[in-house]
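Structure data follow from entry00.txt (compact mmCIF, C-alpha atoms and all ligand atoms):
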```txt
# COMPACT_ATOMS: atom_id res chain seq x y z
CA MET B 1 13.41 -16.52 -23.07
CA SER B 2 13.03 -16.25 -26.82
CA ALA B 3 9.31 -16.90 -27.25
CA PRO B 4 6.41 -14.72 -26.14
CA VAL B 5 4.77 -14.98 -22.71
CA LEU B 6 1.03 -15.26 -22.21
CA ALA B 7 0.18 -13.28 -19.08
CA LEU B 8 -3.00 -13.38 -16.97
CA GLU B 9 -4.20 -10.93 -14.32
CA THR B 10 -7.36 -11.50 -12.28
CA SER B 11 -6.54 -9.95 -8.89
CA CYS B 12 -9.59 -7.69 -8.71
CA ASP B 13 -12.45 -6.93 -11.09
CA ASP B 14 -10.67 -6.75 -14.46
CA THR B 15 -10.19 -9.97 -16.41
CA CYS B 16 -6.92 -9.43 -18.24
CA ALA B 17 -4.80 -11.41 -20.73
CA ALA B 18 -1.81 -10.19 -22.70
CA VAL B 19 1.02 -11.40 -24.89
CA VAL B 20 4.45 -9.87 -24.27
CA GLY B 21 7.47 -10.52 -26.47
CA PRO B 22 10.92 -11.43 -25.06
CA GLY B 23 12.19 -7.88 -25.52
CA GLY B 24 9.28 -6.34 -23.61
CA GLU B 25 7.14 -5.68 -26.69
CA ILE B 26 3.46 -5.65 -25.86
CA ARG B 27 1.86 -7.66 -28.62
CA SER B 28 -1.64 -7.58 -27.15
CA ASN B 29 -3.22 -6.33 -23.94
CA VAL B 30 -6.85 -7.32 -23.39
CA VAL B 31 -8.85 -5.97 -20.44
CA SER B 32 -12.42 -7.16 -19.92
CA SER B 33 -13.82 -4.76 -17.37
CA GLN B 34 -16.62 -6.55 -15.60
CA GLY B 35 -18.78 -3.41 -15.23
CA ILE B 36 -21.15 -5.23 -12.90
CA HIS B 37 -19.90 -3.88 -9.58
CA ASP B 38 -20.90 -0.24 -10.08
CA ARG B 39 -24.41 -0.81 -8.79
CA TYR B 40 -22.99 -2.11 -5.48
CA GLY B 41 -20.71 0.89 -5.00
CA GLY B 42 -17.62 -1.34 -4.88
CA VAL B 43 -16.20 -4.66 -6.01
CA VAL B 44 -18.07 -7.74 -4.72
CA PRO B 45 -15.45 -10.52 -4.44
CA GLU B 46 -17.74 -13.48 -5.24
CA ILE B 47 -19.22 -11.73 -8.24
CA ALA B 48 -15.74 -10.80 -9.47
CA ALA B 49 -14.56 -14.41 -9.24
CA ARG B 50 -17.60 -15.71 -11.07
CA ALA B 51 -17.23 -13.13 -13.84
CA HIS B 52 -13.52 -14.00 -14.22
CA LEU B 53 -14.55 -17.60 -14.87
CA GLU B 54 -16.80 -16.50 -17.71
CA LEU B 55 -14.41 -13.96 -19.20
CA ILE B 56 -10.96 -15.54 -18.87
CA ASN B 57 -11.07 -17.93 -21.84
CA PRO B 58 -12.44 -15.36 -24.31
CA ALA B 59 -9.86 -12.85 -23.02
CA ILE B 60 -7.04 -15.35 -23.67
CA ASP B 61 -8.35 -16.19 -27.15
CA ASP B 62 -8.56 -12.51 -27.91
CA ALA B 63 -5.04 -11.81 -26.62
CA LEU B 64 -3.54 -14.62 -28.73
CA ARG B 65 -5.52 -13.59 -31.83
CA ARG B 66 -4.56 -9.93 -31.53
CA ALA B 67 -0.91 -10.94 -31.12
CA GLY B 68 -1.24 -13.13 -34.22
CA ILE B 69 -0.07 -16.29 -32.43
CA THR B 70 -1.43 -19.56 -31.05
CA PHE B 71 -0.65 -21.61 -27.92
CA ASP B 72 2.05 -23.36 -30.02
CA ASP B 73 4.11 -20.17 -30.17
CA LEU B 74 4.28 -19.52 -26.42
CA GLY B 75 7.44 -19.80 -24.31
CA ALA B 76 5.77 -19.49 -20.90
CA VAL B 77 2.61 -18.55 -19.04
CA ALA B 78 2.71 -15.85 -16.37
CA VAL B 79 0.02 -15.17 -13.79
CA THR B 80 -0.59 -12.78 -10.91
CA GLN B 81 -0.26 -14.83 -7.72
CA GLY B 82 -1.20 -12.00 -5.30
CA PRO B 83 -1.94 -9.75 -3.54
CA GLY B 84 -5.62 -9.42 -4.36
CA LEU B 85 -8.98 -11.10 -3.87
CA VAL B 86 -8.18 -14.77 -3.39
CA GLY B 87 -11.24 -16.12 -5.22
CA ALA B 88 -10.49 -13.83 -8.14
CA LEU B 89 -6.77 -14.66 -8.18
CA LEU B 90 -7.50 -18.40 -8.13
CA VAL B 91 -9.30 -18.18 -11.48
CA GLY B 92 -6.16 -16.83 -13.14
CA VAL B 93 -3.88 -19.25 -11.28
CA ALA B 94 -6.02 -22.30 -12.12
CA THR B 95 -6.27 -21.24 -15.76
CA ALA B 96 -2.52 -20.73 -16.01
CA LYS B 97 -1.89 -24.15 -14.44
CA ALA B 98 -4.23 -25.79 -16.94
CA ILE B 99 -2.39 -24.24 -19.88
CA VAL B 100 1.10 -25.12 -18.63
CA ALA B 101 0.00 -28.67 -17.81
CA ALA B 102 -1.54 -29.18 -21.24
CA ARG B 103 1.31 -27.52 -23.16
CA GLY B 104 4.35 -28.46 -21.05
CA LEU B 105 5.23 -24.79 -20.57
CA PRO B 106 7.00 -23.07 -17.66
CA LEU B 107 4.78 -21.18 -15.18
CA ILE B 108 5.87 -17.78 -13.90
CA ALA B 109 4.20 -16.46 -10.73
CA VAL B 110 4.15 -12.67 -10.56
CA ASP B 111 3.53 -10.33 -7.64
CA HIS B 112 0.88 -7.75 -8.54
CA LEU B 113 2.80 -4.84 -7.03
CA GLN B 114 5.97 -5.84 -8.89
CA ALA B 115 3.85 -5.87 -12.04
CA HIS B 116 2.77 -2.25 -11.45
CA VAL B 117 6.45 -1.31 -11.11
CA SER B 118 7.40 -3.37 -14.19
CA ALA B 119 4.81 -1.49 -16.30
CA ASN B 120 7.65 1.01 -16.71
CA PHE B 121 9.78 -1.50 -18.64
CA ALA B 122 7.66 -1.75 -21.79
CA ALA B 123 9.53 -1.57 -25.10
CA PRO B 124 10.36 0.47 -27.10
CA ALA B 125 11.16 3.07 -24.41
CA PRO B 126 11.69 1.33 -21.05
CA PHE B 127 12.29 3.61 -18.06
CA GLU B 128 15.33 1.94 -16.54
CA PRO B 129 16.20 1.80 -12.82
CA PRO B 130 17.22 3.48 -10.64
CA PHE B 131 14.08 5.51 -9.94
CA VAL B 132 11.46 6.23 -7.30
CA CYS B 133 8.08 4.71 -8.09
CA LEU B 134 4.74 5.95 -6.76
CA ILE B 135 1.89 3.48 -7.21
CA ALA B 136 -1.57 4.81 -6.32
CA SER B 137 -4.60 2.76 -7.22
CA GLY B 138 -7.88 1.62 -5.73
CA GLY B 139 -6.17 -1.26 -3.97
CA HIS B 140 -2.74 0.06 -3.03
CA SER B 141 -0.66 3.16 -2.43
CA PHE B 142 3.06 2.95 -1.91
CA LEU B 143 6.38 4.55 -2.73
CA ALA B 144 9.25 2.31 -3.75
CA ARG B 145 12.89 2.61 -4.61
CA VAL B 146 13.62 0.61 -7.75
CA ASP B 147 17.30 -0.24 -8.24
CA GLU B 148 16.92 -3.17 -10.59
CA ARG B 149 14.25 -4.62 -12.81
CA SER B 150 13.59 -7.62 -10.65
CA GLY B 151 12.67 -6.03 -7.35
CA PHE B 152 11.88 -2.93 -5.34
CA GLU B 153 12.26 -1.62 -1.81
CA VAL B 154 9.16 -0.16 -0.17
CA LEU B 155 9.94 3.31 1.19
CA GLY B 156 6.47 4.08 2.48
CA ALA B 157 2.86 3.07 2.12
CA THR B 158 -0.60 4.03 3.22
CA LEU B 159 -1.48 3.13 6.77
CA ASP B 160 -5.18 2.78 5.93
CA ASP B 161 -7.02 3.40 2.64
CA ALA B 162 -5.37 3.43 -0.76
CA ALA B 163 -5.46 6.82 -2.53
CA GLY B 164 -7.96 5.59 -5.13
CA GLU B 165 -10.14 4.17 -2.38
CA ALA B 166 -10.08 7.60 -0.69
CA PHE B 167 -11.17 9.16 -3.99
CA ASP B 168 -13.94 6.58 -4.33
CA LYS B 169 -15.24 7.00 -0.78
CA GLY B 170 -15.18 10.81 -0.99
CA ALA B 171 -16.98 10.66 -4.32
CA ARG B 172 -19.60 8.43 -2.80
CA MET B 173 -20.20 10.90 0.03
CA LEU B 174 -20.75 13.55 -2.63
CA GLY B 175 -23.28 11.37 -4.42
CA LEU B 176 -21.04 10.45 -7.37
CA PRO B 177 -21.04 7.02 -9.07
CA PHE B 178 -18.39 4.28 -8.56
CA PRO B 179 -15.50 4.31 -9.31
CA GLY B 180 -15.56 7.90 -8.14
CA GLY B 181 -12.03 9.19 -8.94
CA PRO B 182 -12.72 10.48 -12.46
CA HIS B 183 -16.15 11.88 -11.46
CA LEU B 184 -14.67 13.67 -8.49
CA GLU B 185 -11.92 15.13 -10.67
CA ARG B 186 -14.53 16.44 -13.11
CA LEU B 187 -16.66 18.00 -10.37
CA ALA B 188 -13.57 19.52 -8.76
CA ARG B 189 -12.80 21.50 -11.91
CA GLU B 190 -15.66 23.85 -11.05
CA GLY B 191 -14.62 24.24 -7.42
CA ASP B 192 -12.09 26.09 -5.30
CA PRO B 193 -9.38 23.78 -3.90
CA THR B 194 -8.70 26.23 -1.05
CA ALA B 195 -12.34 26.53 0.06
CA PHE B 196 -11.94 23.86 2.76
CA THR B 197 -8.77 22.76 4.53
CA PHE B 198 -8.65 19.00 4.81
CA PRO B 199 -5.80 17.11 6.53
CA ARG B 200 -2.87 15.70 4.56
CA GLY B 201 -1.84 13.10 7.12
CA ASP B 202 0.99 15.37 8.25
CA GLY B 203 1.26 13.55 11.56
CA VAL B 204 2.37 10.38 9.80
CA PRO B 205 6.17 10.16 9.93
CA GLY B 206 8.49 9.29 7.07
CA LEU B 207 7.15 8.30 3.71
CA ASP B 208 4.01 6.55 4.88
CA CYS B 209 0.69 8.30 4.36
CA SER B 210 -2.87 8.14 5.69
CA PHE B 211 -6.18 9.00 4.10
CA ALA B 212 -8.46 8.22 7.04
CA GLY B 213 -8.31 11.82 8.29
CA VAL B 214 -9.28 13.47 5.03
CA LYS B 215 -12.18 11.08 4.63
CA THR B 216 -13.51 11.77 8.13
CA SER B 217 -13.05 15.52 7.63
CA LEU B 218 -15.16 15.43 4.48
CA LEU B 219 -17.82 13.48 6.34
CA TYR B 220 -17.89 16.09 9.13
CA ALA B 221 -17.91 18.98 6.64
CA ILE B 222 -20.91 17.47 4.88
CA ARG B 223 -22.65 16.91 8.19
CA ASP B 224 -21.94 20.47 9.38
CA LEU B 225 -23.03 22.08 6.12
CA GLY B 226 -26.31 20.19 5.94
CA PRO B 227 -27.89 18.87 2.74
CA GLN B 228 -28.68 22.19 1.07
CA GLU B 229 -25.31 23.88 1.61
CA THR B 230 -23.50 20.63 0.74
CA GLU B 231 -25.34 20.58 -2.56
CA ARG B 232 -24.46 24.22 -3.25
CA ARG B 233 -20.79 23.70 -2.34
CA ARG B 234 -20.27 20.24 -3.81
CA ALA B 235 -17.65 21.41 -6.30
CA ASP B 236 -15.68 23.25 -3.58
CA LEU B 237 -15.81 20.16 -1.38
CA ALA B 238 -14.63 17.95 -4.24
CA ALA B 239 -11.82 20.34 -5.21
CA SER B 240 -10.59 20.71 -1.61
CA TYR B 241 -10.78 16.96 -1.01
CA GLN B 242 -8.86 16.19 -4.19
CA GLU B 243 -6.29 18.84 -3.32
CA ALA B 244 -5.64 17.18 0.06
CA ILE B 245 -5.05 13.74 -1.51
CA VAL B 246 -2.92 15.08 -4.35
CA ASP B 247 -0.91 17.22 -1.96
CA ALA B 248 -0.27 14.26 0.35
CA LEU B 249 0.95 12.09 -2.55
CA ALA B 250 3.07 14.82 -4.15
CA GLN B 251 4.67 15.76 -0.81
CA ARG B 252 5.66 12.14 -0.15
CA ALA B 253 7.00 11.74 -3.67
CA ALA B 254 9.08 14.92 -3.30
CA ARG B 255 10.43 13.68 0.03
CA ALA B 256 11.31 10.29 -1.48
CA LEU B 257 13.25 11.98 -4.28
CA GLU B 258 15.10 14.06 -1.73
CA ILE B 259 15.92 11.16 0.61
CA THR B 260 17.10 8.82 -2.16
CA GLY B 261 18.86 11.52 -4.13
CA LEU B 262 17.33 10.00 -7.26
CA GLY B 263 16.13 12.53 -9.78
CA ARG B 264 13.82 10.07 -11.52
CA LEU B 265 10.20 9.30 -10.68
CA ALA B 266 7.69 6.89 -12.21
CA ILE B 267 4.01 6.83 -11.32
CA GLY B 268 1.39 4.17 -11.87
CA GLY B 269 -2.00 2.88 -10.70
CA GLY B 270 -5.39 4.27 -11.70
CA VAL B 271 -4.90 7.52 -9.76
CA ALA B 272 -2.07 8.40 -12.17
CA ALA B 273 -4.88 9.48 -14.51
CA ASN B 274 -5.63 12.41 -12.21
CA GLY B 275 -4.83 15.70 -13.93
CA PRO B 276 -3.93 17.78 -10.84
CA LEU B 277 -1.67 14.93 -9.56
CA ARG B 278 0.12 14.79 -12.91
CA ALA B 279 0.59 18.56 -12.86
CA ARG B 280 1.99 18.51 -9.32
CA ILE B 281 4.35 15.63 -10.12
CA ALA B 282 5.53 17.32 -13.30
CA ALA B 283 6.39 20.42 -11.26
CA LEU B 284 8.70 18.49 -8.91
CA GLY B 285 11.61 18.97 -11.28
CA ALA B 286 12.45 15.26 -11.58
CA GLU B 287 12.60 13.22 -14.75
CA VAL B 288 9.08 11.80 -14.70
CA HIS B 289 7.76 8.70 -16.42
CA ILE B 290 4.08 7.85 -16.57
CA PRO B 291 3.32 4.71 -18.59
CA PRO B 292 0.37 4.94 -20.98
CA MET B 293 -2.88 4.79 -19.02
CA GLU B 294 -3.68 1.22 -20.13
CA LEU B 295 -0.45 0.13 -18.39
CA CYS B 296 -1.15 2.21 -15.24
CA THR B 297 -4.50 0.60 -14.43
CA ASP B 298 -4.71 -3.15 -13.81
CA ASN B 299 -3.69 -5.10 -16.92
CA ALA B 300 -1.88 -8.29 -17.88
CA ALA B 301 0.85 -6.70 -20.02
CA MET B 302 2.54 -5.47 -16.83
CA VAL B 303 2.42 -9.05 -15.52
CA GLY B 304 4.12 -10.26 -18.72
CA LEU B 305 6.76 -7.53 -18.36
CA ALA B 306 7.46 -8.56 -14.74
CA ALA B 307 7.66 -12.20 -15.85
CA LEU B 308 10.62 -11.41 -18.12
CA ASP B 309 12.68 -10.76 -14.98
CA THR B 310 11.22 -13.53 -12.80
CA ALA B 311 12.38 -17.15 -12.59
CA ALA B 312 9.78 -19.78 -13.47
CA VAL B 313 8.23 -21.89 -10.72
CA ASP B 314 9.95 -25.23 -10.35
CA ARG B 315 8.13 -27.60 -12.72
CA SER B 316 7.53 -30.19 -10.04
CA SER B 317 5.60 -27.71 -7.88
CA ALA B 318 3.90 -25.62 -10.57
CA LEU B 319 0.56 -27.33 -10.16
CA ALA B 320 0.63 -26.74 -6.41
CA LEU B 321 1.01 -22.97 -6.78
CA ASP B 322 -1.33 -21.10 -4.46
CA ALA B 323 -2.62 -17.52 -4.55
CA TYR B 324 -2.02 -15.08 -1.69
CA ALA B 325 -4.38 -12.33 -0.54
CA THR B 326 -1.89 -9.99 1.06
CA GLY B 327 1.82 -9.47 0.71
CA GLU B 328 4.29 -9.25 3.58
CA ARG B 329 2.84 -5.82 4.18
CA ASP B 330 -0.46 -4.36 3.07
CA LEU B 331 0.44 -1.65 0.59
O1 LIG Z 401 -5.33 0.74 -10.92
P1 LIG Z 401 -6.81 0.73 -10.91
O2 LIG Z 401 -7.53 0.76 -12.23
O3 LIG Z 401 -7.36 -0.51 -10.16
C1 LIG Z 401 -6.89 -0.92 -8.94
O4 LIG Z 401 -5.90 -1.69 -8.86
O5 LIG Z 401 -7.51 -0.50 -7.94
O6 LIG Z 401 -7.26 1.98 -10.05
C2 LIG Z 401 -8.59 2.34 -9.90
C3 LIG Z 401 -8.65 3.52 -8.97
C4 LIG Z 401 -10.08 3.83 -8.53
O7 LIG Z 401 -10.07 4.03 -7.14
C5 LIG Z 401 -10.39 5.11 -9.28
O8 LIG Z 401 -11.32 5.93 -8.63
C6 LIG Z 401 -9.03 5.75 -9.37
O9 LIG Z 401 -8.15 4.69 -9.61
N1 LIG Z 401 -8.98 6.74 -10.45
C7 LIG Z 401 -8.83 8.07 -10.26
C8 LIG Z 401 -8.91 8.67 -11.54
N2 LIG Z 401 -9.10 7.68 -12.46
C9 LIG Z 401 -9.14 6.50 -11.77
N3 LIG Z 401 -8.63 8.77 -9.14
C10 LIG Z 401 -8.52 10.11 -9.28
N4 LIG Z 401 -8.59 10.76 -10.46
C11 LIG Z 401 -8.80 10.09 -11.61
N5 LIG Z 401 -8.87 10.75 -12.77
ZN ZN Z 402 -3.38 -2.90 -9.16
```

Is it possible to express this structure as structure tokens?
Ligand code: KG4
Ligand code: ZN
Amino acid sequence: MSAPVLALETSCDDTCAAVVGPGGEIRSNVVSSQGIHDRYGGVVPEIAARAHLELINPAIDDALRRAGITFDDLGAVAVTQGPGLVGALLVGVATAKAIVAARGLPLIAVDHLQAHVSANFAAPAPFEPPFVCLIASGGHSFLARVDERSGFEVLGATLDDAAGEAFDKGARMLGLPFPGGPHLERLAREGDPTAFTFPRGDGVPGLDCSFAGVKTSLLYAIRDLGPQETERRRADLAASYQEAIVDALAQRAARALEITGLGRLAIGGGVAANGPLRARIAALGAEVHIPPMELCTDNAAMVGLAALDTAAVDRSSALALDAYATGERDL
């Protein structure tokens, strides 16, 4: 491909459009955060889909303008096909179909999880395979072995909540706003991470992990302490809770490095912003790559990067492309 790709990402609550050049240069990366779900304490699928409809065209215009190009300059349109909220995904898919139909362009369907992995391939300093990749966000948590740009092998995944979801639910129990990860991290700075011992999902074999236990343990601790003591020990609870999640992720990452014999580790997803997680990962002794934060959280540039290594949908079936809610396995 010698012309830039317009990429769209609407799998959850961020309306994203980006332009990526053929060499992996990110020429623009627009994220319209909907900011309307906070009051509900989580993403409301119907509201997300409706907001995508309103925001997608301005986001595309913005992405093209910031890249200094027009529709005439595009070589292809890429879009997240799944996994995600189907109603939300369909807005991106339908928009992409409309553009390729009107412009006679190829359509490239991208898997959202592949896009998180491909965030590592941005120019000018791509982190090349082979490496182990830990993706931890509000929607997914998994460890993958990446041997080539165009695929990955899942080594382990969460059996229940995603790590970010665990952060959000714990934060909610402690009375913090949504999304709770950053708030919980801030509160935890004033607390003692060893004050409470919360489970790390040690009973889960291999490289899978589980955050149901830590969540329930926090709930019981809060119940046992009662409202007054909980209030007094909020920071200790937050610090101990965060420690359990970070420890679980870092342990699995260390084990994956050991099993694969690969000395290289990339991390992505919104939880990669977490300071204690970064510190623990940095101490593992591997060569670590963390893409800039705007490429770790949901964005369309990563979809454009994945598109560079993905074959276009056959032209005859492009307009029949459907979105999918879950992958072969819920990660
Ligand atoms: O990748 P992302 O922006 O969206 C999803 O695909 O879900 O990830 C958002 C998740 C939320 O659960 C949020 O609480 C979490 O990432 N998060 C954090 C931090 N910043 C964001 N979790 C822990 N510590 C943080 N500093
Ligand atoms: Zn994501």

Nearest candidate to ligand ZN 402 (chain Z) (options B:Gly41, B:Gly270, B:Gly304, B:Pro199; using all atoms listed in the file):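 Checking each of B:Gly41, B:Gly270, B:Gly304, B:Pro199 against ligand ZN 402 (chain Z), counting all atoms listed in the file, the winner is B:Gly270.
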
Residue nearest Ser28 (chain B) among B:Leu174, B:Val44, B:Ile69, B:Leu55 (counting all atoms listed in the file): B:Ile69

Please report, as a tab-separated table, each residue of region 190-289 of chain B lying at most 8 Å from region 142-164 of chain B, together with the nearest pair of atoms and the separation in Å rounded to one decimal; use all atoms listed in the file, and order rows by chain and ascending residue number.
```
residue	atom	partner	partner_atom	distance
B:Gly206	CA	B:Gly156	CA	7.2
B:Leu207	CA	B:Gly156	CA	4.4
B:Asp208	CA	B:Gly156	CA	4.2
B:Cys209	CA	B:Thr158	CA	4.6
B:Ser210	CA	B:Thr158	CA	5.3
B:Phe211	CA	B:Asp161	CA	5.8
B:Ala212	CA	B:Asp160	CA	6.4
B:Ile245	CA	B:Ala163	CA	7.0
B:Ala253	CA	B:Leu143	CA	7.3
B:Ala256	CA	B:Leu155	CA	7.6
B:Thr260	CA	B:Arg145	CA	7.9
B:Gly270	CA	B:Gly164	CA	7.2
B:Val271	CA	B:Gly164	CA	5.9
```

Could you dump the residues just selected with C-alpha atoms as a PDB file, in the coordinates of the input?
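Once written, again.pdb looks like this:
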```pdb
ATOM      1  CA  GLY B 206       8.490   9.290   7.070  1.00  0.00           C
ATOM      2  CA  LEU B 207       7.150   8.300   3.710  1.00  0.00           C
ATOM      3  CA  ASP B 208       4.010   6.550   4.880  1.00  0.00           C
ATOM      4  CA  CYS B 209       0.690   8.300   4.360  1.00  0.00           C
ATOM      5  CA  SER B 210      -2.870   8.140   5.690  1.00  0.00           C
ATOM      6  CA  PHE B 211      -6.180   9.000   4.100  1.00  0.00           C
ATOM      7  CA  ALA B 212      -8.460   8.220   7.040  1.00  0.00           C
ATOM      8  CA  ILE B 245      -5.050  13.740  -1.510  1.00  0.00           C
ATOM      9  CA  ALA B 253       7.000  11.740  -3.670  1.00  0.00           C
ATOM     10  CA  ALA B 256      11.310  10.290  -1.480  1.00  0.00           C
ATOM     11  CA  THR B 260      17.100   8.820  -2.160  1.00  0.00           C
ATOM     12  CA  GLY B 270      -5.390   4.270 -11.700  1.00  0.00           C
ATOM     13  CA  VAL B 271      -4.900   7.520  -9.760  1.00  0.00           C
TER      14      VAL B 271
END
```

From the list B:Ala282, B:Ile26, B:Ala49, B:Ala76, which residue is nearest Ala307 (chain B) when using all atoms listed in the file?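 Distance minimum relative to Ala307 (chain B) lands on B:Ala76.
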
Let me make sure I understand: among B:Ala67, B:Ala300, B:Leu74, B:Ile56, which one has the smallest atom-to-atom distance to ligand ZN 402 (chain Z) if we use only C-alpha atoms and all ligand atoms?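 Counting only C-alpha atoms and all ligand atoms, the residue closest to ligand ZN 402 (chain Z) is B:Ala300.
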
For ligand LIG 401 (chain Z), return the neighbouring residues as a ChimeraX atom specification (distance at most 8 Å; all atoms listed in the file). /B:12,136-140,162-168,178-185,242,268-275,296-298

Separation of CA of Phe131 (chain B) from CA of Glu258 (chain B), in Å and rounded to one decimal: 11.9 Å

Within 12 Å of Asp62 (chain B) using only C-alpha atoms, minus same-chain residues under 3 positions, as a list in words: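 So the residues in contact are Leu6, Thr15, Cys16, Ala17, Ala18, Val19, Arg27, Ser28, Asn29, Val30, Val31, Ser32, Leu55, Ile56, Asn57, Pro58, Ala59, Arg65, Arg66, Ala67, Gly68, Ile69 and Thr70 of chain B.
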
Dump as an mmCIF file, in the coordinates of the input, selection limited to C-alpha atoms:
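Saved file out.cif follows:
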```cif
data_model
loop_
_atom_site.group_PDB
_atom_site.id
_atom_site.type_symbol
_atom_site.label_atom_id
_atom_site.label_comp_id
_atom_site.auth_asym_id
_atom_site.auth_seq_id
_atom_site.Cartn_x
_atom_site.Cartn_y
_atom_site.Cartn_z
ATOM 1 C CA LEU B 6 1.030 -15.260 -22.210
ATOM 2 C CA THR B 15 -10.190 -9.970 -16.410
ATOM 3 C CA CYS B 16 -6.920 -9.430 -18.240
ATOM 4 C CA ALA B 17 -4.800 -11.410 -20.730
ATOM 5 C CA ALA B 18 -1.810 -10.190 -22.700
ATOM 6 C CA VAL B 19 1.020 -11.400 -24.890
ATOM 7 C CA ARG B 27 1.860 -7.660 -28.620
ATOM 8 C CA SER B 28 -1.640 -7.580 -27.150
ATOM 9 C CA ASN B 29 -3.220 -6.330 -23.940
ATOM 10 C CA VAL B 30 -6.850 -7.320 -23.390
ATOM 11 C CA VAL B 31 -8.850 -5.970 -20.440
ATOM 12 C CA SER B 32 -12.420 -7.160 -19.920
ATOM 13 C CA LEU B 55 -14.410 -13.960 -19.200
ATOM 14 C CA ILE B 56 -10.960 -15.540 -18.870
ATOM 15 C CA ASN B 57 -11.070 -17.930 -21.840
ATOM 16 C CA PRO B 58 -12.440 -15.360 -24.310
ATOM 17 C CA ALA B 59 -9.860 -12.850 -23.020
ATOM 18 C CA ARG B 65 -5.520 -13.590 -31.830
ATOM 19 C CA ARG B 66 -4.560 -9.930 -31.530
ATOM 20 C CA ALA B 67 -0.910 -10.940 -31.120
ATOM 21 C CA GLY B 68 -1.240 -13.130 -34.220
ATOM 22 C CA ILE B 69 -0.070 -16.290 -32.430
ATOM 23 C CA THR B 70 -1.430 -19.560 -31.050
#
```

List as a list in words the protein and nucleic acid residues near Ala94 (chain B), meaning an atom at most 10 Å away when all atoms listed in the file are counted, but skip any in the same chain fewer than 6 places from it.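 Here the answer would be Val79, Leu319, Ala320, Leu321, Asp322 and Ala323 of chain B.
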
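Taking only C-alpha atoms into account, Asp73 (chain B) lies nearest to B:Gly21 out of the set B:Pro291, B:Pro177, B:Gly21, B:Pro227.
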
Please write N, CA, C and O atoms of region 178-189 of chain B, from the structure given just now, as a PDB file, in the first residue's frame.
```pdb
ATOM      1  N   PHE B 178     -16.191   6.965  38.119  1.00  0.00           N
ATOM      2  CA  PHE B 178     -15.863   6.099  36.957  1.00  0.00           C
ATOM      3  C   PHE B 178     -15.171   6.943  35.882  1.00  0.00           C
ATOM      4  O   PHE B 178     -15.580   8.087  35.680  1.00  0.00           O
ATOM      5  N   PRO B 179     -14.195   6.430  35.147  1.00  0.00           N
ATOM      6  CA  PRO B 179     -13.535   5.150  35.351  1.00  0.00           C
ATOM      7  C   PRO B 179     -12.557   5.247  36.516  1.00  0.00           C
ATOM      8  O   PRO B 179     -11.776   6.197  36.606  1.00  0.00           O
ATOM      9  N   GLY B 180     -12.585   4.237  37.386  1.00  0.00           N
ATOM     10  CA  GLY B 180     -11.952   4.358  38.691  1.00  0.00           C
ATOM     11  C   GLY B 180     -10.447   4.137  38.749  1.00  0.00           C
ATOM     12  O   GLY B 180      -9.819   4.507  39.741  1.00  0.00           O
ATOM     13  N   GLY B 181      -9.849   3.501  37.711  1.00  0.00           N
ATOM     14  CA  GLY B 181      -8.421   3.164  37.777  1.00  0.00           C
ATOM     15  C   GLY B 181      -7.531   4.308  38.236  1.00  0.00           C
ATOM     16  O   GLY B 181      -6.825   4.190  39.243  1.00  0.00           O
ATOM     17  N   PRO B 182      -7.555   5.435  37.526  1.00  0.00           N
ATOM     18  CA  PRO B 182      -6.665   6.541  37.913  1.00  0.00           C
ATOM     19  C   PRO B 182      -6.977   7.088  39.308  1.00  0.00           C
ATOM     20  O   PRO B 182      -6.058   7.456  40.037  1.00  0.00           O
ATOM     21  N   HIS B 183      -8.252   7.128  39.691  1.00  0.00           N
ATOM     22  CA  HIS B 183      -8.629   7.633  41.017  1.00  0.00           C
ATOM     23  C   HIS B 183      -8.116   6.697  42.102  1.00  0.00           C
ATOM     24  O   HIS B 183      -7.607   7.135  43.131  1.00  0.00           O
ATOM     25  N   LEU B 184      -8.257   5.387  41.822  1.00  0.00           N
ATOM     26  CA  LEU B 184      -7.802   4.419  42.810  1.00  0.00           C
ATOM     27  C   LEU B 184      -6.286   4.503  42.970  1.00  0.00           C
ATOM     28  O   LEU B 184      -5.756   4.443  44.075  1.00  0.00           O
ATOM     29  N   GLU B 185      -5.590   4.679  41.844  1.00  0.00           N
ATOM     30  CA  GLU B 185      -4.126   4.803  41.923  1.00  0.00           C
ATOM     31  C   GLU B 185      -3.741   6.006  42.788  1.00  0.00           C
ATOM     32  O   GLU B 185      -2.832   5.931  43.609  1.00  0.00           O
ATOM     33  N   ARG B 186      -4.440   7.108  42.608  1.00  0.00           N
ATOM     34  CA  ARG B 186      -4.138   8.324  43.358  1.00  0.00           C
ATOM     35  C   ARG B 186      -4.382   8.109  44.858  1.00  0.00           C
ATOM     36  O   ARG B 186      -3.542   8.442  45.679  1.00  0.00           O
ATOM     37  N   LEU B 187      -5.522   7.512  45.177  1.00  0.00           N
ATOM     38  CA  LEU B 187      -5.850   7.261  46.588  1.00  0.00           C
ATOM     39  C   LEU B 187      -4.832   6.301  47.210  1.00  0.00           C
ATOM     40  O   LEU B 187      -4.410   6.480  48.363  1.00  0.00           O
ATOM     41  N   ALA B 188      -4.405   5.323  46.412  1.00  0.00           N
ATOM     42  CA  ALA B 188      -3.491   4.293  46.915  1.00  0.00           C
ATOM     43  C   ALA B 188      -2.132   4.870  47.312  1.00  0.00           C
ATOM     44  O   ALA B 188      -1.421   4.293  48.139  1.00  0.00           O
ATOM     45  N   ARG B 189      -1.776   5.999  46.731  1.00  0.00           N
ATOM     46  CA  ARG B 189      -0.473   6.602  47.047  1.00  0.00           C
ATOM     47  C   ARG B 189      -0.344   6.933  48.524  1.00  0.00           C
ATOM     48  O   ARG B 189       0.738   6.963  49.072  1.00  0.00           O
TER      49      ARG B 189
END
```
